[in-house]
file my_file.cif (mmCIF, C-alpha atoms and all ligand atoms)
data_data
loop_
_atom_site.group_PDB
_atom_site.id
_atom_site.type_symbol
_atom_site.label_atom_id
_atom_site.label_comp_id
_atom_site.auth_asym_id
_atom_site.auth_seq_id
_atom_site.Cartn_x
_atom_site.Cartn_y
_atom_site.Cartn_z
ATOM 1 C CA MET A 781 -9.981 -3.253 -2.747
ATOM 2 C CA GLN A 782 -10.730 -4.636 0.718
ATOM 3 C CA SER A 783 -8.469 -7.649 0.136
ATOM 4 C CA LYS A 784 -4.830 -6.751 -0.388
ATOM 5 C CA TYR A 785 -4.370 -10.116 -2.086
ATOM 6 C CA TYR A 786 -6.896 -9.193 -4.779
ATOM 7 C CA ILE A 787 -4.918 -6.069 -5.634
ATOM 8 C CA ILE A 788 -1.557 -7.883 -5.481
ATOM 9 C CA SER A 789 -2.907 -10.591 -7.785
ATOM 10 C CA ALA A 790 -4.170 -8.028 -10.321
ATOM 11 C CA VAL A 791 -0.758 -6.343 -10.402
ATOM 12 C CA ILE A 792 1.299 -9.564 -10.601
ATOM 13 C CA ASN A 793 -0.892 -11.448 -13.047
ATOM 14 C CA GLY A 794 -2.859 -8.804 -14.912
ATOM 15 C CA LEU A 795 -6.635 -8.867 -15.000
ATOM 16 C CA ARG A 796 -8.554 -9.165 -18.267
ATOM 17 C CA GLY A 797 -7.739 -5.783 -19.863
ATOM 18 C CA MET A 798 -5.030 -4.906 -17.352
ATOM 19 C CA PRO A 799 -1.415 -5.827 -18.128
ATOM 20 C CA SER A 800 0.808 -7.839 -15.767
ATOM 21 C CA PHE A 801 3.486 -6.019 -13.803
ATOM 22 C CA HIS A 802 5.281 -9.229 -12.784
ATOM 23 C CA SER A 803 8.489 -8.336 -14.614
ATOM 24 C CA MET A 804 8.330 -4.572 -14.058
ATOM 25 C CA MET A 805 8.068 -4.230 -10.289
ATOM 26 C CA ASN A 806 9.744 -5.961 -7.376
ATOM 27 C CA ASP A 807 7.884 -7.153 -4.269
ATOM 28 C CA GLN A 808 8.515 -3.906 -2.408
ATOM 29 C CA GLN A 809 7.180 -1.788 -5.256
ATOM 30 C CA ILE A 810 4.049 -3.908 -5.655
ATOM 31 C CA ALA A 811 3.512 -3.766 -1.880
ATOM 32 C CA ALA A 812 3.764 0.039 -1.964
ATOM 33 C CA VAL A 813 1.274 0.549 -4.784
ATOM 34 C CA THR A 814 -1.059 -2.050 -3.234
ATOM 35 C CA GLN A 815 -0.875 -0.271 0.114
ATOM 36 C CA TYR A 816 -1.787 2.980 -1.595
ATOM 37 C CA MET A 817 -4.792 1.516 -3.454
ATOM 38 C CA HIS A 818 -6.025 -0.357 -0.384
ATOM 39 C CA SER A 819 -5.788 2.576 2.007
ATOM 40 C CA ASP A 820 -5.731 5.986 0.378
ATOM 41 C CA PRO A 821 -8.888 6.054 -1.779
ATOM 42 C CA ASN A 822 -10.633 3.167 0.025
ATOM 43 C CA ASN A 823 -9.862 3.663 3.721
ATOM 44 C CA PHE A 824 -9.034 0.003 4.477
ATOM 45 C CA THR A 825 -6.456 -0.527 7.183
ATOM 46 C CA ASP A 826 -4.451 -3.698 6.440
ATOM 47 C CA THR A 827 -0.690 -3.376 6.244
ATOM 48 C CA VAL A 828 0.776 -4.621 2.947
ATOM 49 C CA THR A 829 4.297 -6.044 3.033
ATOM 50 C CA ALA A 830 6.761 -7.349 0.458
ATOM 51 C CA ALA A 831 6.310 -10.754 2.132
ATOM 52 C CA ASN A 832 2.589 -10.638 1.216
ATOM 53 C CA VAL A 833 3.574 -10.080 -2.428
ATOM 54 C CA ALA A 834 6.121 -12.904 -2.269
ATOM 55 C CA GLN A 835 3.310 -15.257 -1.204
ATOM 56 C CA LEU A 836 1.563 -14.727 -4.560
ATOM 57 C CA ARG A 837 4.563 -14.254 -6.843
ATOM 58 C CA HIS A 838 5.442 -17.200 -9.031
ATOM 59 C CA HIS A 839 8.684 -17.915 -10.829
ATOM 60 C CA PHE A 840 7.694 -17.259 -14.425
ATOM 61 C CA PRO A 841 5.917 -14.160 -15.730
ATOM 62 C CA PRO A 842 2.392 -14.826 -16.964
ATOM 63 C CA GLY A 843 1.725 -14.942 -20.697
ATOM 64 C CA ALA A 844 0.730 -11.850 -22.632
ATOM 65 C CA ASP A 845 -2.901 -12.936 -22.324
ATOM 66 C CA PRO A 846 -3.869 -12.407 -18.651
ATOM 67 C CA SER A 847 -6.359 -15.267 -18.873
ATOM 68 C CA GLU A 848 -3.434 -17.717 -19.149
HETATM 69 C C1 LIG B 901 0.573 -0.594 -10.829
HETATM 70 C C2 LIG B 901 -0.506 0.175 -10.757
HETATM 71 C C3 LIG B 901 -1.869 -0.470 -10.893
HETATM 72 C C4 LIG B 901 -2.630 -1.011 -9.919
HETATM 73 C C5 LIG B 901 -2.346 -1.085 -8.408
HETATM 74 C C6 LIG B 901 -3.829 -1.513 -10.552
HETATM 75 C C7 LIG B 901 -4.867 -2.158 -9.895
HETATM 76 C C8 LIG B 901 -6.008 -2.635 -10.490
HETATM 77 C C9 LIG B 901 -7.048 -3.359 -9.806
HETATM 78 C C10 LIG B 901 -7.052 -3.739 -8.320
HETATM 79 C C11 LIG B 901 -8.004 -3.629 -10.715
HETATM 80 C C12 LIG B 901 -9.333 -4.353 -10.458
HETATM 81 C C13 LIG B 901 -10.424 -3.312 -10.252
HETATM 82 C C14 LIG B 901 -11.760 -3.933 -9.862
HETATM 83 O O1 LIG B 901 -11.873 -5.161 -9.732
HETATM 84 O O2 LIG B 901 -12.739 -3.167 -9.683
HETATM 85 C C15 LIG B 901 -7.578 -3.101 -11.993
HETATM 86 C C16 LIG B 901 -8.280 -3.181 -13.177
HETATM 87 C C17 LIG B 901 -7.835 -2.730 -14.392
HETATM 88 N N1 LIG B 901 -6.631 -2.109 -14.662
HETATM 89 FE FE1 LIG B 901 -5.191 -1.717 -13.300
HETATM 90 N N2 LIG B 901 -3.761 -1.258 -11.905
HETATM 91 C C18 LIG B 901 -2.577 -0.636 -12.163
HETATM 92 C C19 LIG B 901 -2.124 -0.222 -13.401
HETATM 93 C C20 LIG B 901 -2.798 -0.333 -14.591
HETATM 94 C C21 LIG B 901 -2.297 0.122 -15.879
HETATM 95 C C22 LIG B 901 -0.960 0.810 -16.104
HETATM 96 C C23 LIG B 901 -3.263 -0.156 -16.788
HETATM 97 C C24 LIG B 901 -3.301 0.106 -18.254
HETATM 98 C C25 LIG B 901 -2.213 0.061 -19.014
HETATM 99 C C26 LIG B 901 -4.348 -0.797 -16.087
HETATM 100 C C27 LIG B 901 -5.524 -1.217 -16.661
HETATM 101 C C28 LIG B 901 -6.570 -1.818 -16.010
HETATM 102 C C29 LIG B 901 -7.790 -2.256 -16.651
HETATM 103 C C30 LIG B 901 -8.129 -2.106 -18.135
HETATM 104 C C31 LIG B 901 -8.574 -2.834 -15.639
HETATM 105 C C32 LIG B 901 -9.942 -3.478 -15.815
HETATM 106 C C33 LIG B 901 -9.712 -4.941 -16.128
HETATM 107 C C34 LIG B 901 -11.005 -5.599 -16.572
HETATM 108 O O3 LIG B 901 -11.901 -5.741 -15.744
HETATM 109 O O4 LIG B 901 -11.090 -5.960 -17.742
HETATM 110 N N3 LIG B 901 -4.025 -0.900 -14.764
HETATM 111 N N4 LIG B 901 -6.351 -2.499 -11.830
#

call {"tool": "encode", "arguments": {"input": "my_file.cif", "output": "structure tokens"}}
result
Amino acid sequence: MQSKYYIISAVINGLRGMPSFHSMMNDQQIAAVTQYMHSDPNNFTDTVTAANVAQLRHHFPPGADPSE
């Protein structure tokens, strides 16, 4: 949870048993939920922006299998 990019990647791409939210949330929404997870229960202090999410977002949604 210390790296915002780890959380953003899990939300965009999915992670093993976790589904991808690529097609369900826009950059601002993913930034908001990432900010919450990074800061509220974990007390890390980075600022998470929609531009950070845009850095990791790719054009096509990942396949149903997050390992793809
Ligand atoms: C959008 C809100 C969500 C955020 C920010 C989020 C974030 C994360 C993060 C950061 C991890 C990695 C935890 C770690 O490495 O210790 C994770 C794991 C996981 N998440 Fe989510 N998650 C979200 C929604 C969901 C939903 C809705 C589900 C179920 C439908 C889900 C299921 C899982 C599962 C099963 C894992 C464990 C993956 C594995 O190791 O196999 N998540 N999530």

call {"tool": "residues_near_ligand", "arguments": {"input": "my_file.cif", "ligand": "ligand LIG 901 (chain B)", "cutoff": "8 Å", "atoms": "only C-alpha atoms and all ligand atoms", "output": "list of chain:residue names"}}
result
A:Met781, A:Tyr786, A:Ile787, A:Ile788, A:Ala790, A:Val791, A:Gly794, A:Leu795, A:Arg796, A:Gly797, A:Met798, A:Pro799, A:Phe801, A:Ile810, A:Val813, A:Thr814, A:Tyr816, A:Met817

call {"tool": "atom_distance", "arguments": {"input": "my_file.cif", "atom1": "CA of Pro821 in chain A", "atom2": "CA of Ser803 in chain A"}}
result
26.0 Å

call {"tool": "atom_distance", "arguments": {"input": "my_file.cif", "atom1": "CA of His818 in chain A", "atom2": "CA of Gln835 in chain A"}}
result
17.6 Å

call {"tool": "atom_distance", "arguments": {"input": "my_file.cif", "atom1": "CA of Ser789 in chain A", "atom2": "CA of Asn823 in chain A"}}
result
19.6 Å

call {"tool": "residues_near_point", "arguments": {"input": "my_file.cif", "point": "(1.7, -3.3, 5.0)", "cutoff": "10 Å", "atoms": "all atoms listed in the file", "output": "VMD selection string"}}
result
chain A and resid 784 811 to 812 814 to 816 818 to 819 825 to 832

call {"tool": "closest_residue", "arguments": {"input": "my_file.cif", "among": "A:Asn806, A:Ser783, A:Asn793, A:Asn822", "to": "Phe840 in chain A", "atoms": "all atoms listed in the file"}}
result
A:Asn793

call {"tool": "closest_residue", "arguments": {"input": "my_file.cif", "among": "A:Phe824, A:Gln782, A:His838, A:Val833", "to": "Gln808 in chain A", "atoms": "only C-alpha atoms"}}
result
A:Val833
